[in-house]
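target.cif (mmCIF, C-alpha atoms)
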data_data
#
loop_
_atom_site.label_atom_id
_atom_site.label_comp_id
_atom_site.auth_asym_id
_atom_site.auth_seq_id
_atom_site.Cartn_x
_atom_site.Cartn_y
_atom_site.Cartn_z
CA MET A 1 103.45 67.87 82.45
CA ASN A 2 106.36 70.23 81.75
CA ILE A 3 105.14 73.58 80.48
CA PRO A 4 107.94 76.06 79.77
CA SER A 5 107.25 79.28 81.68
CA ARG A 6 107.58 82.63 79.94
CA LEU A 7 109.53 84.25 82.72
CA PRO A 8 110.31 87.93 83.36
CA ASP A 9 113.50 89.16 81.76
CA GLY A 10 116.58 87.97 83.63
CA ARG A 11 114.90 85.23 85.66
CA LYS A 12 115.97 81.67 85.04
CA THR A 13 113.49 79.98 87.40
CA PRO A 14 109.83 80.65 88.19
CA PHE A 15 108.77 82.43 91.37
CA VAL A 16 106.08 79.86 92.27
CA GLU A 17 105.05 77.05 89.95
CA ASN A 18 103.75 74.49 92.45
CA GLU A 19 102.19 74.08 95.92
CA PHE A 20 104.79 71.69 97.37
CA GLY A 21 108.38 72.67 96.54
CA VAL A 22 110.71 73.92 99.27
CA LEU A 23 109.35 77.28 100.40
CA ARG A 24 112.10 79.91 100.26
CA ARG A 25 110.33 83.26 100.77
CA VAL A 26 106.90 84.13 102.10
CA ALA A 27 104.96 87.34 102.74
CA LEU A 28 103.37 87.77 106.17
CA CYS A 29 101.57 90.63 107.90
CA THR A 30 101.41 91.02 111.66
CA PRO A 31 97.86 91.21 113.08
CA ASP A 32 98.34 94.64 114.66
CA HIS A 33 94.80 95.66 113.65
CA PHE A 34 93.20 92.22 113.53
CA GLU A 35 89.44 91.85 114.01
CA TRP A 36 87.17 88.89 113.51
CA ALA A 37 84.91 89.22 110.48
CA ALA A 38 81.28 90.02 111.28
CA GLU A 39 79.81 87.89 108.47
CA ASN A 40 81.82 84.73 109.02
CA ALA A 41 79.87 81.55 109.92
CA ILE A 42 82.89 80.11 111.74
CA VAL A 43 83.19 83.26 113.85
CA ALA A 44 79.50 82.96 114.69
CA GLN A 45 80.10 79.42 115.97
CA ALA A 46 83.07 80.60 118.05
CA ARG A 47 81.03 83.36 119.67
CA LEU A 48 78.23 80.90 120.49
CA ARG A 49 80.86 78.85 122.38
CA GLY A 50 81.81 81.95 124.36
CA LYS A 51 85.08 82.65 122.53
CA GLN A 52 86.29 86.22 122.15
CA MET A 53 88.78 87.93 119.89
CA ASP A 54 92.08 88.67 121.66
CA ARG A 55 94.43 90.76 119.54
CA ALA A 56 97.35 90.46 121.96
CA ALA A 57 97.09 86.67 121.78
CA ALA A 58 96.85 86.86 117.99
CA ILE A 59 100.09 88.85 117.81
CA VAL A 60 101.89 86.28 119.99
CA GLN A 61 100.50 83.39 117.94
CA HIS A 62 101.49 85.04 114.67
CA GLY A 63 105.00 85.29 116.10
CA GLU A 64 104.93 81.52 116.65
CA LEU A 65 103.94 81.06 113.00
CA ARG A 66 106.86 83.19 111.86
CA ALA A 67 109.28 81.38 114.19
CA ALA A 68 108.19 78.01 112.78
CA LEU A 69 108.82 79.21 109.23
CA GLU A 70 112.21 80.70 110.05
CA MET A 71 113.21 77.53 111.92
CA VAL A 72 113.19 75.63 108.60
CA GLY A 73 114.94 78.43 106.71
CA VAL A 74 112.03 80.33 105.15
CA GLU A 75 112.69 84.04 104.67
CA CYS A 76 109.71 85.97 106.03
CA VAL A 77 109.01 89.29 104.30
CA MET A 78 106.64 91.53 106.25
CA LEU A 79 103.92 93.67 104.70
CA ALA A 80 103.20 96.97 106.43
CA PRO A 81 99.98 96.59 108.48
CA ASP A 82 97.31 99.18 107.65
CA PRO A 83 94.99 100.29 110.50
CA HIS A 84 92.04 100.27 108.09
CA LEU A 85 92.54 96.63 107.04
CA PRO A 86 91.63 94.23 109.89
CA MET A 87 91.96 91.09 107.74
CA GLN A 88 95.29 92.00 106.12
CA THR A 89 97.12 89.35 108.17
CA PHE A 90 95.52 86.72 105.88
CA THR A 91 98.07 87.54 103.17
CA ARG A 92 97.12 84.56 100.98
CA ASP A 93 94.01 86.37 99.76
CA SER A 94 95.30 89.69 98.46
CA GLY A 95 97.84 88.35 95.98
CA VAL A 96 99.07 85.15 94.35
CA MET A 97 102.63 84.66 93.20
CA THR A 98 102.77 82.91 89.82
CA PRO A 99 105.71 81.83 87.65
CA TRP A 100 105.53 85.25 85.94
CA GLY A 101 105.05 87.57 88.92
CA LEU A 102 102.27 88.66 91.26
CA LEU A 103 98.61 88.34 90.48
CA ILE A 104 96.89 91.17 92.36
CA CYS A 105 93.52 89.97 93.62
CA GLN A 106 90.24 91.81 94.04
CA MET A 107 88.67 91.29 97.46
CA ALA A 108 84.94 90.79 97.89
CA ARG A 109 84.26 92.25 101.34
CA PRO A 110 84.27 96.06 101.70
CA GLU A 111 86.62 95.95 104.70
CA ARG A 112 89.21 94.05 102.64
CA ARG A 113 89.13 95.89 99.33
CA GLY A 114 92.08 98.11 100.18
CA GLU A 115 94.45 95.17 100.65
CA TRP A 116 95.62 95.38 97.05
CA ALA A 117 97.47 98.60 97.92
CA GLY A 118 99.79 96.97 100.44
CA VAL A 119 100.65 94.21 98.00
CA THR A 120 101.40 96.55 95.10
CA ASP A 121 103.45 98.85 97.35
CA PHE A 122 105.44 95.84 98.54
CA ALA A 123 105.96 94.61 94.98
CA ALA A 124 107.30 98.00 93.91
CA LYS A 125 109.72 98.23 96.85
CA ALA A 126 110.90 94.63 96.38
CA ASP A 127 111.23 95.05 92.61
CA LEU A 128 108.77 92.19 92.00
CA PRO A 129 106.88 92.23 88.71
CA VAL A 130 103.08 92.41 88.73
CA TRP A 131 101.83 89.87 86.22
CA ASN A 132 98.13 90.79 86.15
CA ARG A 133 95.39 92.51 88.17
CA VAL A 134 91.93 91.03 88.60
CA THR A 135 89.32 93.45 87.24
CA ALA A 136 86.30 91.38 86.14
CA GLY A 137 84.94 90.77 89.65
CA SER A 138 86.17 89.55 93.01
CA LEU A 139 88.77 86.79 93.26
CA GLU A 140 90.66 85.97 96.46
CA GLY A 141 93.94 84.10 96.74
CA GLY A 142 92.53 81.44 99.05
CA ASP A 143 90.72 80.17 95.97
CA VAL A 144 93.84 79.84 93.76
CA GLN A 145 96.30 76.96 93.96
CA ILE A 146 99.11 76.45 91.45
CA LEU A 147 99.32 72.68 91.72
CA ARG A 148 102.37 72.03 89.54
CA PRO A 149 103.84 73.38 86.28
CA GLY A 150 100.97 73.55 83.81
CA GLU A 151 98.03 73.12 86.23
CA VAL A 152 96.10 75.60 88.37
CA ILE A 153 92.81 75.24 90.22
CA ILE A 154 90.47 78.11 91.09
CA GLY A 155 87.69 77.84 93.64
CA LEU A 156 84.36 79.38 92.71
CA SER A 157 81.73 80.22 95.32
CA GLU A 158 80.16 83.46 93.97
CA VAL A 159 80.66 84.75 97.54
CA ARG A 160 84.38 85.54 97.58
CA THR A 161 85.35 84.54 94.03
CA THR A 162 82.93 85.20 91.18
CA LEU A 163 82.61 83.33 87.88
CA ALA A 164 83.61 86.40 85.86
CA ALA A 165 86.85 86.90 87.80
CA ALA A 166 87.66 83.18 87.94
CA THR A 167 87.21 82.96 84.18
CA GLN A 168 89.41 86.02 83.64
CA VAL A 169 92.26 84.51 85.65
CA ALA A 170 91.78 81.03 84.16
CA ASP A 171 92.06 82.52 80.68
CA TRP A 172 95.34 84.24 81.61
CA PHE A 173 96.79 80.90 82.67
CA ARG A 174 95.44 79.19 79.55
CA GLU A 175 97.18 81.81 77.42
CA GLN A 176 100.43 80.50 78.96
CA GLY A 177 99.55 76.96 77.84
CA TRP A 178 98.29 75.85 81.26
CA THR A 179 95.26 73.80 82.29
CA ALA A 180 92.97 75.83 84.57
CA ARG A 181 90.13 74.03 86.36
CA LEU A 182 87.31 75.83 88.18
CA ILE A 183 86.20 73.98 91.29
CA ALA A 184 82.83 74.63 92.93
CA VAL A 185 83.11 75.75 96.57
CA PRO A 186 79.88 75.71 98.61
CA ALA A 187 79.32 79.30 99.77
CA HIS A 188 79.37 78.28 103.44
CA PHE A 189 83.12 77.51 103.24
CA LEU A 190 84.18 80.74 101.49
CA HIS A 191 87.51 79.54 100.02
CA LEU A 192 88.90 76.46 98.30
CA ASP A 193 91.82 76.19 100.73
CA VAL A 194 89.34 75.42 103.51
CA LEU A 195 88.51 72.23 101.59
CA PHE A 196 91.77 71.24 99.88
CA SER A 197 95.49 71.72 100.46
CA VAL A 198 98.59 70.07 99.05
CA LEU A 199 101.07 68.42 101.42
CA ASN A 200 103.80 67.25 99.04
CA ASP A 201 104.04 66.05 95.45
CA ARG A 202 102.01 62.92 96.32
CA LEU A 203 99.55 63.78 99.12
CA ALA A 204 96.81 66.32 99.73
CA LEU A 205 94.17 66.98 102.35
CA CYS A 206 90.68 67.04 100.85
CA ALA A 207 87.09 67.41 102.03
CA THR A 208 86.07 64.52 99.79
CA ASP A 209 82.45 64.48 101.02
CA ILE A 210 81.98 68.21 100.41
CA LEU A 211 83.58 68.94 97.04
CA GLU A 212 81.80 67.78 93.87
CA PRO A 213 82.54 64.14 92.96
CA ASP A 214 83.92 65.10 89.53
CA ASP A 215 86.35 67.54 91.15
CA VAL A 216 87.39 64.98 93.76
CA ALA A 217 88.03 62.43 91.00
CA TRP A 218 90.14 64.95 89.04
CA LEU A 219 92.22 65.80 92.13
CA ALA A 220 92.58 62.09 92.99
CA GLU A 221 94.28 61.53 89.64
CA ARG A 222 97.03 63.90 90.79
CA PHE A 223 97.36 63.27 94.54
CA ARG A 224 96.45 60.61 97.05
CA LEU A 225 93.71 62.37 98.98
CA LEU A 226 93.59 62.18 102.77
CA PRO A 227 89.91 62.75 103.63
CA VAL A 228 88.94 65.44 106.13
CA GLY A 229 85.43 65.37 107.61
CA TYR A 230 83.05 68.27 108.12
CA ARG A 231 83.84 68.89 111.80
CA ASP A 232 87.59 69.06 111.13
CA VAL A 233 87.01 71.18 108.03
CA MET A 234 85.09 73.71 110.15
CA ALA A 235 88.07 73.76 112.53
CA MET A 236 90.34 74.68 109.57
CA SER A 237 92.15 71.32 109.62
CA CYS A 238 92.25 71.18 105.83
CA ASN A 239 94.11 74.50 105.69
CA ALA A 240 97.78 73.42 105.79
CA THR A 241 100.94 74.66 104.06
CA ALA A 242 103.56 72.48 102.38
CA LEU A 243 107.09 73.64 103.24
CA GLY A 244 108.93 71.06 101.12
CA ASN A 245 111.05 68.09 102.18
CA ASP A 246 107.90 66.34 103.47
CA THR A 247 107.39 69.06 106.07
CA VAL A 248 103.99 70.66 106.65
CA LEU A 249 102.96 73.78 108.58
CA SER A 250 99.69 73.18 110.42
CA ALA A 251 98.26 74.42 113.74
CA MET A 252 98.18 72.97 117.23
CA GLN A 253 94.37 73.05 117.07
CA HIS A 254 94.33 70.39 114.31
CA GLY A 255 95.38 67.45 116.49
CA HIS A 256 93.46 64.71 114.64
CA THR A 257 94.68 65.80 111.22
CA ASN A 258 98.24 66.36 112.44
CA ALA A 259 98.33 62.80 113.77
CA MET A 260 97.16 61.55 110.37
CA LEU A 261 99.95 63.50 108.64
CA ARG A 262 102.60 62.16 111.00
CA ALA A 263 101.34 58.64 110.37
CA GLU A 264 102.09 59.30 106.69
CA GLY A 265 105.71 60.06 107.60
CA LEU A 266 105.41 63.85 107.34
CA THR A 267 107.08 66.27 109.72
CA VAL A 268 104.42 68.61 111.13
CA LEU A 269 105.12 72.04 112.62
CA ASP A 270 102.08 73.06 114.67
CA PRO A 271 102.21 76.49 116.37
CA ASP A 272 99.27 77.67 118.46
CA LEU A 273 97.01 79.63 116.07
CA GLU A 274 93.76 79.61 118.03
CA GLN A 275 92.78 83.22 117.30
CA PHE A 276 93.03 82.66 113.55
CA VAL A 277 91.41 79.21 113.56
CA LEU A 278 88.42 80.64 115.45
CA GLU A 279 88.15 83.35 112.79
CA GLY A 280 88.17 80.81 109.97
CA GLY A 281 91.79 80.66 108.85
CA SER A 282 95.02 78.78 109.44
CA THR A 283 98.52 78.54 108.00
CA HIS A 284 97.54 78.51 104.32
CA CYS A 285 95.48 81.67 104.80
CA LEU A 286 98.25 83.43 106.74
CA THR A 287 101.05 82.91 104.19
CA MET A 288 101.65 84.24 100.67
CA PRO A 289 104.47 82.20 99.09
CA LEU A 290 106.85 84.36 97.07
CA GLU A 291 109.39 81.76 96.00
CA ARG A 292 109.46 77.95 95.96
CA ASP A 293 111.87 75.44 94.53
#

Entire entry expressed as structure tokens:
Amino acid sequence: MNIPSRLPDGRKTPFVENEFGVLRRVALCTPDHFEWAAENAIVAQARLRGKQMDRAAAIVQHGELRAALEMVGVECVMLAPDPHLPMQTFTRDSGVMTPWGLLICQMARPERRGEWAGVTDFAAKADLPVWNRVTAGSLEGGDVQILRPGEVIIGLSEVRTTLAAATQVADWFREQGWTARLIAVPAHFLHLDVLFSVLNDRLALCATDILEPDDVAWLAERFRLLPVGYRDVMAMSCNATALGNDTVLSAMQHGHTNAMLRAEGLTVLDPDLEQFVLEGGSTHCLTMPLERD
């Protein structure tokens, strides 16, 4: 499908119109004030296993993430960390770059609601247009994936992303002539990118036994789905980032899934991201793409 994008004045190419083109620019935020979320089921499991949050380790590991991105030529733009925003390092959630500019999200948890400010401040300083702001309810960027020109999917859990907000954003895409599909996300998993992520223009990781069969069938018409089981899903193995040129950014903790990707002929970059994986996030959560081919 080739939907012409109505781009901001002066731009000849979209900012982001797919999940798999070569990643050129990305927004990151160092975990200077990082804390594990109190209400997170994955954190609860980590604590039961005796794991503890280590901010110094998180800062080192985030540096490994940035080094992996820069090694393949991605420009990393850093948001200013706010001491009142312990989850700000998960930049995927606070904003989504679209073909027409930034979509400013509305966070569900009280400790994350201020994250919109850092994104809008960054957009103003970088002279990036703001396309729309979510106002109808909460919607987080981990639930939004721009698959390819003309198609977007939005996860709906009523925990992080509500029906009212998902419908608002879907309607904005539909006004541009796009197809927008809402995909049910069981509340336990919080975000769609815990259950599905694109690897290139042909392949995607998918929790095929967790998502609704109709949604799996719809996704399978567009990508060959590599199934990820519950245990690996809970270890964030489905949360990967396509860098383009058949290269994927994963984490060292996802050994089984990484081996599967390499068997498919993909190059896998896998920095140590233990502190973020134990919190319930990985590379997709930690990166906000700003520009892709």

statement: Using all atoms listed in the file, the residue out of A:Leu226, A:Leu211, A:Ile59, A:Leu103 with shortest distance to Leu128 of chain A is A:Leu103

Selection result for the PyMOL selection byres ((chain A and resi 108) around 12) on this file, as a VMD selection string: chain A and resid 93 to 94 105 to 107 109 to 116 134 to 141 157 to 162 165 190 to 191

- request: Would you translate the PyMOL selection byres ((chain A and resi 237) around 12) into the concrete set of residues it matches in this file, as a ChimeraX atom specification?
  value: /A:193-197,205-207,226-236,238-241,249-261,270,273-274,277-278,280-285

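Proximity to Gly73 of chain A at 12 Å, evaluated using only C-alpha atoms and with sequence-adjacent residues fewer than 6 positions away removed, yields A:Val22, A:Leu23, A:Arg24, A:Arg25, A:Val26, A:Arg66, A:Ala67, A:Leu243, A:Gly244, A:Asn245.
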
- prompt: When the PyMOL selection byres ((chain A and resi 87-89) around 9) is applied to the file above, which residues end up in the set, as a VMD selection string?
  reply: chain A and resid 28 to 37 62 79 81 to 82 85 to 86 90 to 94 111 to 112 115 118 285 to 287

Export of the given selection (C-alpha atoms) as a CSV table (one decimal), in the frame of the given file:
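Done, and the output landed in again_27.csv:
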chain,number,residue,atom,x,y,z
A,28,LEU,CA,103.4,87.8,106.2
A,29,CYS,CA,101.6,90.6,107.9
A,30,THR,CA,101.4,91.0,111.7
A,31,PRO,CA,97.9,91.2,113.1
A,32,ASP,CA,98.3,94.6,114.7
A,33,HIS,CA,94.8,95.7,113.6
A,34,PHE,CA,93.2,92.2,113.5
A,35,GLU,CA,89.4,91.8,114.0
A,36,TRP,CA,87.2,88.9,113.5
A,37,ALA,CA,84.9,89.2,110.5
A,62,HIS,CA,101.5,85.0,114.7
A,79,LEU,CA,103.9,93.7,104.7
A,81,PRO,CA,100.0,96.6,108.5
A,82,ASP,CA,97.3,99.2,107.6
A,85,LEU,CA,92.5,96.6,107.0
A,86,PRO,CA,91.6,94.2,109.9
A,90,PHE,CA,95.5,86.7,105.9
A,91,THR,CA,98.1,87.5,103.2
A,92,ARG,CA,97.1,84.6,101.0
A,93,ASP,CA,94.0,86.4,99.8
A,94,SER,CA,95.3,89.7,98.5
A,111,GLU,CA,86.6,96.0,104.7
A,112,ARG,CA,89.2,94.0,102.6
A,115,GLU,CA,94.4,95.2,100.6
A,118,GLY,CA,99.8,97.0,100.4
A,285,CYS,CA,95.5,81.7,104.8
A,286,LEU,CA,98.2,83.4,106.7
A,287,THR,CA,101.0,82.9,104.2

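Rounded to one decimal, atom CA of Val119 of chain A and atom CA of Ile104 of chain A lie 7.4 Å from each other.
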
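Straight-line separation from atom CA of Leu266 of chain A to atom CA of Leu199 of chain A: 8.6 Å.
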
Separation of atom CA of Thr247 of chain A from atom CA of Pro149 of chain A in Å: 20.6 Å

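With distances taken over all atoms listed in the file, A:Leu203 is the one residue among A:Leu203, A:Gly142, A:Leu182, A:Asp127 lying closest to Gly265 of chain A.
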
query: Which residues, protein or nucleic acid, reach to within 12 Å of (105.3, 76.2, 93.5) in the file's coordinates when using all atoms listed in the file, and can you give that as a PyMOL selection string?
result: chain A and resi 13-26+96-100+145-152+198-201+241-244+288-293

query: Do you know which residues are at most 10 Å from Arg181 of chain A counting all atoms listed in the file, after dropping those on the same chain fewer than 4 positions away, and could you put them as a PyMOL selection string?
result: chain A and resi 151-155+166-167+170+215+218
